[in-house]
Amino acid sequence: MLNVLNDETVNPVEPFLRSDRMPHIWCPGCGIGTTVNSFARALIESKIDLESLALVSGIGCTGRVAGYVKLDSFHTTHGRAIPFATGLKLANPKLNVVVYSGDGDLSAIGGNHLIHAARRNIDLKVICVNNLIYAMTGGQTAPTTPGHATTSTNPYGTFEPAFNLPHLVEAAGAVYVARWTTFHVRQLARSISEAFQKKGFSFIEVISPCPTLYQRRNKMGDGLDTMKYYKEKSKVKNGAPTGEVGLTLNGEIAVGKFVDRDRPDYQTMMRAQYVESLGDRYIEEPEMECVCG
Amino acid sequence: MTPELGDQVAKGRVAIVVERCKACGFCVEFCPTHVLALSSAFNSKGYHPPHVVHPEKCSGCDLCGMYCPDFAIYGAKVADAKSADTAKAGKADGGAK
Amino acid sequence: MKADPNGVLTGTHFIDGDHACCEGALAAGARFAAGYPITPSTEVVERFAARVPTVGGTFIQMEDELAASIALQGGVWGGAKAFTVTSGPGFSLMMEHIGYAAMTETPCVFVDVQRGGPSTGLPTLPAQADMMQARWGSHGDYEIIALCPNSPQECFDLTIKAFNLAEEFRVPVMFMMDEVVGHMTEKVVIPPADQIDVFPRKHTHKSIEDYLPYATNGDLVPEMAHAGEGYKFHVTGLTHDERGYPNMTPQTQDKLVRRLQNKIRNAADRICLFEEDRLDGADVVVVSYGITSRVAQRAVDMARERGLKVGKLRLITAWPFPDKKIASLASSIKAFVVPELNLGQMVREVERAAGGLAKTYAVSHAGGGVHNPEEILNAIVEASRC
């Protein structure tokens, strides 16, 4: 018997969704939607003003998040969510800018922009859903695909080492680095909330199932099997050295908050430099409304 | 009806948006009190949505809602559900295309 | 709307085209630029980097042209008028994002100070070989506007025009300079701000409930909102409907792409700017643009001295191409002569628009220098004999 309640209670995530676009295109057992629940909880928890929140995504399955959230959202080009987000933030520093994209988009084609934004400490909250594969295009090898996995472009197994994303972004300069899986719904929400309290480049990696491609080709079961694997094989290692949190095929998944440090963000440094060099002659960014007639 | 000793009174209840469900099974698996099971019914896409098999065990923790990748289920505490009933809130109706 | 005096360097200056272009951008209200250095365009953003902190705005040098060409669009959606500058190799890198700007209707300006190509080519020497690329460089069906200045003064004036057209039509505008115009130093007069007209952002006045990001009110150009104003709109490069939502059907594709095309083509009469010289009674018309037009002027004068009935049409707007003007001239003249610093690009458009009614003589030049007037004169003489 189906228990369908048509009462007035609302799913806490519903106000953040473009309900007119549901159901979404993500596969059964895909974890992207789960990450959106955590994101929504973090927004509620942090009491973020939704009117000054902008979400920027790239291309890929995770990139579709932009089209499903009821926020000012920008679905940009492959790999370029971060520079678009940079322009948005610099033109309107009052915006809270979130980049929500996948591992391929952010670390392959977007890799250059990832490291430069981290280096500059641009005030962006980056949520990187890592399903270890290029999913949207049909399951090709990504820079995050663990060695010896089978993909459509490595049909005999990959033989490249994978990126350890927390290590990469920490080295590049990120001030907040965390990793969770889609099993860790509450911890993920908390990390996203923490990132909202920080100024600077925050990077939260979420390991997520891709049952249709990564898990299926590697005979790892479906989404639920993968969630059980996350539950069993994750180890919370807050503060672990990021060099030690690399992922392997079917191996242990180190999760937790790895980096939480402070250094001035790009705009703070920019302002300080101009004030020092120009003194009174420095005019800060004009108010946003000046271009409109 | 007066609850007898040993009876459980549900502290919460769930709402299921049948048409959004893709039967991934996360809610069934991760409900801490095993309230749910996949039903044998079909939604219009051919998936078996969950149904409540142990309503009395529901605490309204909303872990099902947090796990659901399709925004197809959520839980609420009974007291919350009651006050939300009287409040003007939007309907979570996923049946519309 | 008049220019913001903060950005207008009123006065008489002796500066090169690159510098004048920067001043034009500031006068037009540009307060955000993202750039990446490439000869011979770099001075435009170097000057912007120096000027903008005292005008009120931001410059960021990004890590590559891919980043620069999309960061400027983030700046636009954040509320600023924005641009970038580049040359051939960078222009090639920016193509995807020019297409994104066209598809999402992001008003912005891309300055291409053309140099010898292909590939690394001649970094410090002129060419005009990116003209077709400006029109067709990105994939899919879209329209852009391209302007060609032929002096530092025009680098100032037409940059303002470029921004105004970008805002009016919500389209990326290609500002096609060349290395000579960019690096030649001439007198540039910058008027007071109240004598400069700028087209403001087409911002919606609709309420949050009523606003649809890509709905039009009969004029083919939708109204814009900026991030952070509460509209909670969605922008995507996917084929989309009036709500901005991806809608991948042939019907939506047809409607959207035709509107993107028509919003420019239907206004071509207004957008197509050109300069006419002694066209009445001419047998031969020299069609040119950019630096070549200055050499062509000399050749036309020399031809007139010899009694040849030759006129000059200078393209200020290269795209959309002034089909109507060429077609109407073609019916009354013998031939067009089209000198270009390339092996034949805009001449193809002239030939197409002429529809066989007049002959077309290309005076091509592989780039690296400018024509000698004699080369163009010889073509005029030959054309006059046909």
# chains A, B, ... in the order shown; residues from 1 in each chain; ligands from 1
>>> residues_around(residues="stretch 335-340 of chain C", least_positions_apart="5", cutoff="9 Å", atoms="only C-alpha atoms", output="tab-separated table (two decimals) with C-alpha atoms, in the first residue's frame")
chain	number	residue	atom	x	y	z
C	127	ALA	CA	47.05	41.30	-41.17
C	128	GLN	CA	43.30	41.27	-41.63
C	129	ALA	CA	42.93	37.53	-41.87
C	283	ASP	CA	32.58	52.82	-62.64
C	284	VAL	CA	34.75	51.15	-60.07
C	285	VAL	CA	34.30	51.08	-56.32
C	286	VAL	CA	37.10	50.18	-53.97
C	287	VAL	CA	35.74	48.36	-50.93
C	288	SER	CA	38.11	48.33	-47.97
C	289	TYR	CA	38.32	48.47	-44.19
C	290	GLY	CA	40.80	49.02	-41.39
C	292	THR	CA	43.95	49.07	-45.83
C	293	SER	CA	41.29	51.74	-46.28
C	296	ALA	CA	43.03	52.60	-50.61
C	330	ALA	CA	26.65	46.43	-58.26
C	345	GLN	CA	38.03	37.09	-47.15
C	346	MET	CA	35.62	40.01	-47.28
C	347	VAL	CA	35.98	40.00	-51.07
C	350	VAL	CA	31.37	41.46	-51.91
C	351	GLU	CA	31.23	38.95	-54.72
C	354	ALA	CA	27.10	41.66	-56.04
C	357	LEU	CA	26.02	42.23	-61.58
C	358	ALA	CA	29.56	43.60	-61.27
C	359	LYS	CA	32.98	42.03	-61.40
C	360	THR	CA	35.09	41.69	-58.27
C	361	TYR	CA	38.85	42.13	-58.20
C	362	ALA	CA	40.68	40.99	-55.10
C	363	VAL	CA	43.94	42.71	-54.18
C	364	SER	CA	45.24	40.25	-51.72
C	365	HIS	CA	48.24	40.59	-49.45
C	366	ALA	CA	49.46	37.81	-47.21
C	367	GLY	CA	50.03	40.20	-44.32
C	370	VAL	CA	50.42	47.12	-45.81
C	371	HIS	CA	49.70	47.44	-49.53
C	375	GLU	CA	49.05	47.71	-56.12
C	376	ILE	CA	45.54	48.96	-55.52
C	379	ALA	CA	43.73	46.84	-59.82
C	380	ILE	CA	41.56	49.94	-60.25
C	383	ALA	CA	38.91	47.02	-63.29
C	384	SER	CA	38.15	50.21	-65.22
C	386	CYS	CA	36.70	45.54	-68.00
>>> residues_around(residues="stretch 98-115 of chain A", least_positions_apart="6", cutoff="8 Å", atoms="only C-alpha atoms", output="JSON, numbers by chain")
{"A": [53, 54, 55, 56, 57, 58, 59, 60, 61, 62, 63, 65, 66, 78, 79, 80, 81, 82, 83, 85, 124, 125, 126, 127, 128, 129, 130, 131, 132, 133, 134, 142, 143, 144, 165, 168, 169, 172, 173], "C": [63, 67]}
>>> select_by_dssp(residues="stretch 52-212 of chain A", states="alpha helix (DSSP H)", output="compact mmCIF listing (two decimals) with C-alpha atoms, in the first residue's frame")
# COMPACT_ATOMS: atom_id res chain seq x y z
CA VAL A 65 22.56 20.91 -10.86
CA ALA A 66 22.46 24.53 -12.01
CA GLY A 67 19.29 23.88 -13.98
CA TYR A 68 17.48 22.23 -11.09
CA ALA A 81 32.68 27.40 -14.25
CA ILE A 82 35.46 28.69 -12.02
CA PRO A 83 36.60 31.60 -14.23
CA PHE A 84 32.97 32.55 -14.89
CA ALA A 85 32.36 32.47 -11.15
CA THR A 86 35.47 34.61 -10.65
CA GLY A 87 34.12 37.28 -13.00
CA LEU A 88 30.73 37.17 -11.27
CA LYS A 89 32.28 37.57 -7.84
CA LEU A 90 34.61 40.37 -8.86
CA ALA A 91 31.83 42.34 -10.56
CA ASP A 103 35.44 15.83 -11.26
CA GLY A 104 36.05 15.81 -15.01
CA GLY A 111 42.20 21.92 -14.04
CA ASN A 112 44.12 25.03 -14.92
CA HIS A 113 41.36 27.25 -13.61
CA LEU A 114 41.02 25.16 -10.47
CA ILE A 115 44.62 25.62 -9.46
CA HIS A 116 44.77 29.31 -10.29
CA ALA A 117 41.61 30.13 -8.39
CA ALA A 118 42.97 28.20 -5.41
CA ARG A 119 46.30 29.99 -5.74
CA ARG A 120 44.58 33.35 -5.80
CA LEU A 165 42.05 16.19 -5.56
CA PRO A 166 42.34 17.30 -1.91
CA HIS A 167 46.12 17.14 -2.24
CA LEU A 168 46.06 19.11 -5.48
CA VAL A 169 43.89 21.92 -4.23
CA GLU A 170 45.66 22.14 -0.90
CA ALA A 171 48.97 22.50 -2.68
CA ALA A 172 47.47 25.13 -4.95
CA VAL A 185 24.79 13.35 4.13
CA ARG A 186 24.96 15.20 7.43
CA GLN A 187 28.72 15.68 7.45
CA LEU A 188 28.57 17.00 3.92
CA ALA A 189 25.91 19.52 4.88
CA ARG A 190 28.06 20.60 7.79
CA SER A 191 31.15 21.02 5.63
CA ILE A 192 29.24 23.12 3.15
CA SER A 193 27.98 25.29 6.01
CA GLU A 194 31.53 25.67 7.29
CA ALA A 195 32.71 26.68 3.86
CA PHE A 196 30.08 29.41 3.80
CA GLN A 197 31.59 30.84 6.96
>>> interface_residues(of="chain C", to="chain A", cutoff="6 Å", atoms="only C-alpha atoms", output="compact mmCIF listing (two decimals) with N, CA and C atoms, in the first residue's frame")
# COMPACT_ATOMS: atom_id res chain seq x y z
N PRO C 53 41.55 51.18 -11.52
CA PRO C 53 41.44 51.34 -10.06
C PRO C 53 41.12 52.77 -9.62
N THR C 54 41.40 53.75 -10.49
CA THR C 54 41.06 55.12 -10.12
C THR C 54 39.76 55.57 -10.77
N GLY C 56 37.09 53.13 -10.95
CA GLY C 56 36.10 52.33 -10.22
C GLY C 56 35.71 51.11 -11.01
N GLY C 57 36.46 50.03 -10.85
CA GLY C 57 36.17 48.83 -11.61
C GLY C 57 37.26 47.82 -11.35
N ALA C 67 39.96 31.33 -19.97
CA ALA C 67 39.45 31.90 -18.73
C ALA C 67 39.02 33.34 -18.92
N ILE C 70 35.57 33.91 -20.62
CA ILE C 70 34.36 33.57 -19.86
C ILE C 70 34.27 34.37 -18.58
N ALA C 71 35.42 34.76 -18.02
CA ALA C 71 35.38 35.58 -16.81
C ALA C 71 34.68 36.90 -17.10
N LEU C 72 34.93 37.45 -18.29
CA LEU C 72 34.30 38.73 -18.61
C LEU C 72 32.78 38.56 -18.65
N GLY C 74 31.06 36.41 -16.79
CA GLY C 74 30.64 36.40 -15.39
C GLY C 74 30.52 37.83 -14.90
N GLY C 75 31.46 38.68 -15.31
CA GLY C 75 31.41 40.08 -14.94
C GLY C 75 30.15 40.76 -15.45
N GLY C 78 27.26 39.76 -13.48
CA GLY C 78 27.36 40.37 -12.16
C GLY C 78 27.01 41.84 -12.19
N GLY C 79 26.80 42.39 -13.39
CA GLY C 79 26.32 43.77 -13.47
C GLY C 79 27.20 44.75 -14.21
N PRO C 200 22.45 52.03 -22.21
CA PRO C 200 22.48 51.34 -20.92
C PRO C 200 22.10 49.86 -21.05
N ARG C 201 22.42 49.08 -20.04
CA ARG C 201 22.04 47.66 -19.97
C ARG C 201 20.52 47.55 -20.10
N HIS C 203 18.02 46.30 -18.82
CA HIS C 203 17.60 45.62 -17.60
C HIS C 203 16.09 45.58 -17.51
N ALA C 227 22.68 38.68 -11.53
CA ALA C 227 22.72 37.82 -10.35
C ALA C 227 22.65 38.69 -9.11
N GLY C 228 21.94 38.24 -8.13
CA GLY C 228 21.90 38.96 -6.86
C GLY C 228 20.74 39.92 -6.72
N GLY C 230 17.46 38.80 -6.96
CA GLY C 230 16.28 38.08 -6.53
C GLY C 230 15.48 37.43 -7.64
N LYS C 232 16.39 34.95 -9.54
CA LYS C 232 16.62 33.49 -9.53
C LYS C 232 16.38 32.90 -10.92
N PHE C 233 17.10 33.42 -11.87
CA PHE C 233 16.93 32.97 -13.24
C PHE C 233 18.03 31.98 -13.59
N HIS C 234 17.81 31.26 -14.67
CA HIS C 234 18.78 30.26 -15.11
C HIS C 234 19.29 30.63 -16.50
N VAL C 235 20.61 30.53 -16.65
CA VAL C 235 21.24 30.79 -17.94
C VAL C 235 21.99 29.53 -18.34
N THR C 236 21.81 29.09 -19.57
CA THR C 236 22.52 27.90 -20.01
C THR C 236 22.90 28.03 -21.47
>>> interface_residues(of="chain A", to="chain B", cutoff="9 Å", atoms="only C-alpha atoms", output="PyMOL selection string")
chain A and resi 1-15+19-24+26-38+41+182-183+185-186+222-224+227-228
>>> write_last_selection(atoms="N, CA and C atoms", output="short mmCIF file (atom, residue, chain, number, x, y, z; two decimals), in the first residue's frame")
data_model
loop_
_atom_site.label_atom_id
_atom_site.label_comp_id
_atom_site.auth_asym_id
_atom_site.auth_seq_id
_atom_site.Cartn_x
_atom_site.Cartn_y
_atom_site.Cartn_z
N MET A 1 0.85 -1.19 0.00
CA MET A 1 0.00 0.00 0.00
C MET A 1 0.88 1.24 0.00
N LEU A 2 0.58 2.13 -0.87
CA LEU A 2 1.41 3.32 -0.95
C LEU A 2 0.92 4.38 0.02
N ASN A 3 1.87 4.94 0.72
CA ASN A 3 1.51 5.97 1.69
C ASN A 3 1.85 7.32 1.09
N VAL A 4 0.90 7.86 0.40
CA VAL A 4 1.17 9.16 -0.23
C VAL A 4 0.39 10.21 0.52
N LEU A 5 1.11 11.17 1.03
CA LEU A 5 0.45 12.19 1.83
C LEU A 5 0.36 13.50 1.03
N ASN A 6 -0.79 13.93 0.77
CA ASN A 6 -0.94 15.21 0.07
C ASN A 6 -1.23 16.31 1.05
N ASP A 7 -0.45 16.36 2.12
CA ASP A 7 -0.69 17.41 3.10
C ASP A 7 0.16 18.64 2.79
N GLU A 8 0.20 19.53 3.72
CA GLU A 8 0.87 20.80 3.46
C GLU A 8 2.33 20.80 3.88
N THR A 9 2.83 19.68 4.40
CA THR A 9 4.25 19.69 4.76
C THR A 9 5.08 19.73 3.48
N VAL A 10 6.23 20.32 3.59
CA VAL A 10 7.08 20.49 2.42
C VAL A 10 8.44 19.86 2.69
N ASN A 11 8.92 19.14 1.73
CA ASN A 11 10.28 18.61 1.80
C ASN A 11 11.23 19.81 1.99
N PRO A 12 12.09 19.77 2.98
CA PRO A 12 12.98 20.93 3.20
C PRO A 12 13.76 21.34 1.96
N VAL A 13 14.01 20.39 1.04
CA VAL A 13 14.79 20.74 -0.15
C VAL A 13 13.92 21.40 -1.22
N GLU A 14 12.62 21.22 -1.13
CA GLU A 14 11.71 21.66 -2.21
C GLU A 14 11.81 23.15 -2.55
N PRO A 15 11.87 24.05 -1.57
CA PRO A 15 11.96 25.48 -1.92
C PRO A 15 13.21 25.82 -2.73
N SER A 19 10.77 22.96 -9.16
CA SER A 19 9.86 21.81 -9.13
C SER A 19 9.24 21.54 -10.49
N ASP A 20 9.11 22.60 -11.28
CA ASP A 20 8.51 22.40 -12.61
C ASP A 20 9.43 21.60 -13.53
N ARG A 21 10.66 21.34 -13.09
CA ARG A 21 11.56 20.55 -13.92
C ARG A 21 11.78 19.14 -13.39
N MET A 22 11.01 18.78 -12.37
CA MET A 22 11.15 17.42 -11.82
C MET A 22 10.24 16.47 -12.58
N PRO A 23 10.54 15.17 -12.68
CA PRO A 23 11.76 14.53 -12.21
C PRO A 23 12.98 14.88 -13.06
N HIS A 24 14.14 14.79 -12.43
CA HIS A 24 15.37 15.20 -13.11
C HIS A 24 15.90 14.05 -13.96
N TRP A 26 18.94 12.57 -13.75
CA TRP A 26 19.98 11.70 -13.20
C TRP A 26 19.47 10.28 -13.03
N CYS A 27 20.38 9.33 -13.20
CA CYS A 27 20.03 7.91 -13.22
C CYS A 27 19.56 7.42 -11.85
N PRO A 28 18.88 6.30 -11.82
CA PRO A 28 18.56 5.67 -10.53
C PRO A 28 19.84 5.32 -9.79
N GLY A 29 19.94 5.75 -8.58
CA GLY A 29 21.12 5.39 -7.79
C GLY A 29 22.28 6.35 -7.95
N CYS A 30 22.15 7.36 -8.82
CA CYS A 30 23.18 8.39 -8.93
C CYS A 30 23.14 9.23 -7.67
N GLY A 31 24.28 9.66 -7.21
CA GLY A 31 24.33 10.38 -5.93
C GLY A 31 24.22 11.88 -6.02
N ILE A 32 24.14 12.44 -7.23
CA ILE A 32 24.17 13.90 -7.35
C ILE A 32 23.01 14.53 -6.60
N GLY A 33 21.81 13.95 -6.77
CA GLY A 33 20.63 14.49 -6.08
C GLY A 33 20.82 14.47 -4.57
N THR A 34 21.47 13.44 -4.09
CA THR A 34 21.73 13.36 -2.64
C THR A 34 22.59 14.53 -2.18
N THR A 35 23.59 14.88 -3.00
CA THR A 35 24.44 16.01 -2.60
C THR A 35 23.62 17.31 -2.57
N VAL A 36 22.63 17.41 -3.44
CA VAL A 36 21.79 18.62 -3.45
C VAL A 36 20.99 18.73 -2.15
N ASN A 37 20.58 17.58 -1.61
CA ASN A 37 19.90 17.62 -0.30
C ASN A 37 20.81 18.22 0.77
N SER A 38 22.06 17.77 0.78
CA SER A 38 23.01 18.29 1.77
C SER A 38 23.26 19.78 1.53
N ARG A 41 20.33 21.69 2.87
CA ARG A 41 20.39 21.76 4.34
C ARG A 41 21.42 22.79 4.81
N THR A 182 28.56 10.38 -0.67
CA THR A 182 27.11 10.63 -0.64
C THR A 182 26.44 9.86 0.49
N PHE A 183 27.20 8.98 1.15
CA PHE A 183 26.65 8.34 2.35
C PHE A 183 26.64 9.32 3.52
N VAL A 185 25.67 12.21 4.46
CA VAL A 185 24.79 13.35 4.13
C VAL A 185 24.88 14.48 5.15
N ARG A 186 24.94 14.13 6.42
CA ARG A 186 24.96 15.20 7.43
C ARG A 186 26.32 15.89 7.49
N ASP A 222 25.06 -1.74 -7.94
CA ASP A 222 24.30 -0.53 -8.29
C ASP A 222 24.58 0.58 -7.28
N GLY A 223 23.76 1.60 -7.33
CA GLY A 223 23.97 2.74 -6.45
C GLY A 223 23.92 2.35 -4.99
N LEU A 224 22.97 1.50 -4.66
CA LEU A 224 22.83 1.10 -3.26
C LEU A 224 24.04 0.29 -2.80
N MET A 227 26.72 2.74 -2.08
CA MET A 227 26.51 3.45 -0.81
C MET A 227 26.91 2.57 0.36
N LYS A 228 26.62 1.29 0.25
CA LYS A 228 27.02 0.38 1.34
C LYS A 228 28.54 0.26 1.40
#
>>> select_by_dssp(residues="stretch 148-242 of chain A", states="strand (DSSP E or B)", output="PDB file with C-alpha atoms, in the first residue's frame")
ATOM      1  CA  TYR A 176      39.187  24.742   3.182  1.00  0.00           C
ATOM      2  CA  VAL A 177      39.405  21.212   1.846  1.00  0.00           C
ATOM      3  CA  ALA A 178      37.077  18.398   2.773  1.00  0.00           C
ATOM      4  CA  ARG A 179      35.950  15.121   1.303  1.00  0.00           C
ATOM      5  CA  TRP A 180      32.823  13.131   2.037  1.00  0.00           C
ATOM      6  CA  THR A 181      30.804  10.565   0.184  1.00  0.00           C
ATOM      7  CA  SER A 202      36.886  26.241  -0.365  1.00  0.00           C
ATOM      8  CA  PHE A 203      36.808  22.837  -2.030  1.00  0.00           C
ATOM      9  CA  ILE A 204      34.526  20.025  -0.976  1.00  0.00           C
ATOM     10  CA  GLU A 205      34.844  16.753  -2.812  1.00  0.00           C
ATOM     11  CA  VAL A 206      31.916  14.325  -2.647  1.00  0.00           C
ATOM     12  CA  ILE A 207      32.474  10.780  -3.841  1.00  0.00           C
ATOM     13  CA  SER A 234      35.102   5.155   4.551  1.00  0.00           C
ATOM     14  CA  LYS A 235      37.267   6.231   7.392  1.00  0.00           C
ATOM     15  CA  VAL A 236      36.888   9.641   8.947  1.00  0.00           C
TER      16      VAL A 236
END
>>> atom_distance(atom1="atom CA of C:Phe14", atom2="atom CA of C:Gln195")
20.3 Å
>>> closest_atom_pairs(of="stretch 285-383 of chain C", to="stretch 144-157 of chain C", cutoff="7 Å", atoms="only C-alpha atoms", output="tab-separated table")
residue	atom	partner	partner_atom	distance
C:Tyr289	CA	C:Cys148	CA	6.3
C:Gly290	CA	C:Asn150	CA	4.2
C:Ile291	CA	C:Asn150	CA	5.1
C:Ile316	CA	C:Cys148	CA	5.1
C:Thr317	CA	C:Leu147	CA	4.5
C:Ala318	CA	C:Ala146	CA	5.4
C:Trp319	CA	C:Ala146	CA	4.8
C:Pro320	CA	C:Ile145	CA	5.9
>>> write_last_selection(atoms="N, CA and C atoms", output="PDB file, in the first residue's frame")
ATOM      1  N   TYR C 289      38.591  48.288 -45.616  1.00  0.00           N
ATOM      2  CA  TYR C 289      38.317  48.466 -44.188  1.00  0.00           C
ATOM      3  C   TYR C 289      39.634  48.481 -43.434  1.00  0.00           C
ATOM      4  N   GLY C 290      39.602  49.010 -42.231  1.00  0.00           N
ATOM      5  CA  GLY C 290      40.798  49.017 -41.392  1.00  0.00           C
ATOM      6  C   GLY C 290      41.925  49.802 -42.034  1.00  0.00           C
ATOM      7  N   ILE C 291      43.154  49.407 -41.730  1.00  0.00           N
ATOM      8  CA  ILE C 291      44.313  50.150 -42.203  1.00  0.00           C
ATOM      9  C   ILE C 291      44.365  50.181 -43.729  1.00  0.00           C
ATOM     10  N   ILE C 316      32.767  50.150 -42.170  1.00  0.00           N
ATOM     11  CA  ILE C 316      33.021  50.358 -40.739  1.00  0.00           C
ATOM     12  C   ILE C 316      32.437  49.157 -39.995  1.00  0.00           C
ATOM     13  N   THR C 317      31.252  48.736 -40.437  1.00  0.00           N
ATOM     14  CA  THR C 317      30.688  47.476 -39.953  1.00  0.00           C
ATOM     15  C   THR C 317      31.025  46.413 -40.990  1.00  0.00           C
ATOM     16  N   ALA C 318      31.757  45.391 -40.560  1.00  0.00           N
ATOM     17  CA  ALA C 318      32.056  44.297 -41.488  1.00  0.00           C
ATOM     18  C   ALA C 318      30.975  43.216 -41.397  1.00  0.00           C
ATOM     19  N   TRP C 319      30.446  43.027 -40.183  1.00  0.00           N
ATOM     20  CA  TRP C 319      29.369  42.056 -39.970  1.00  0.00           C
ATOM     21  C   TRP C 319      28.304  42.694 -39.097  1.00  0.00           C
ATOM     22  N   PRO C 320      27.020  42.581 -39.429  1.00  0.00           N
ATOM     23  CA  PRO C 320      26.512  41.939 -40.627  1.00  0.00           C
ATOM     24  C   PRO C 320      27.008  42.664 -41.889  1.00  0.00           C
TER      25      PRO C 320
END
>>> residues_around(residues="stretch 137-140 of chain C", least_positions_apart="6", cutoff="10 Å", atoms="only C-alpha atoms", output="ChimeraX atom specification")
/C:91-100,102-103,130-131,257
>>> atom_distance(atom1="atom CA of C:Leu212", atom2="atom CA of C:Gly237")
16.3 Å
>>> atom_distance(atom1="atom CA of B:Lys57", atom2="atom CA of A:Lys231")
23.0 Å
>>> residues_around(residues="C:Arg265", least_positions_apart="3", cutoff="12 Å", atoms="only C-alpha atoms", output="MDAnalysis selection string")
chainID C and resid 142:145 169 220 258:262 268:272 319:324
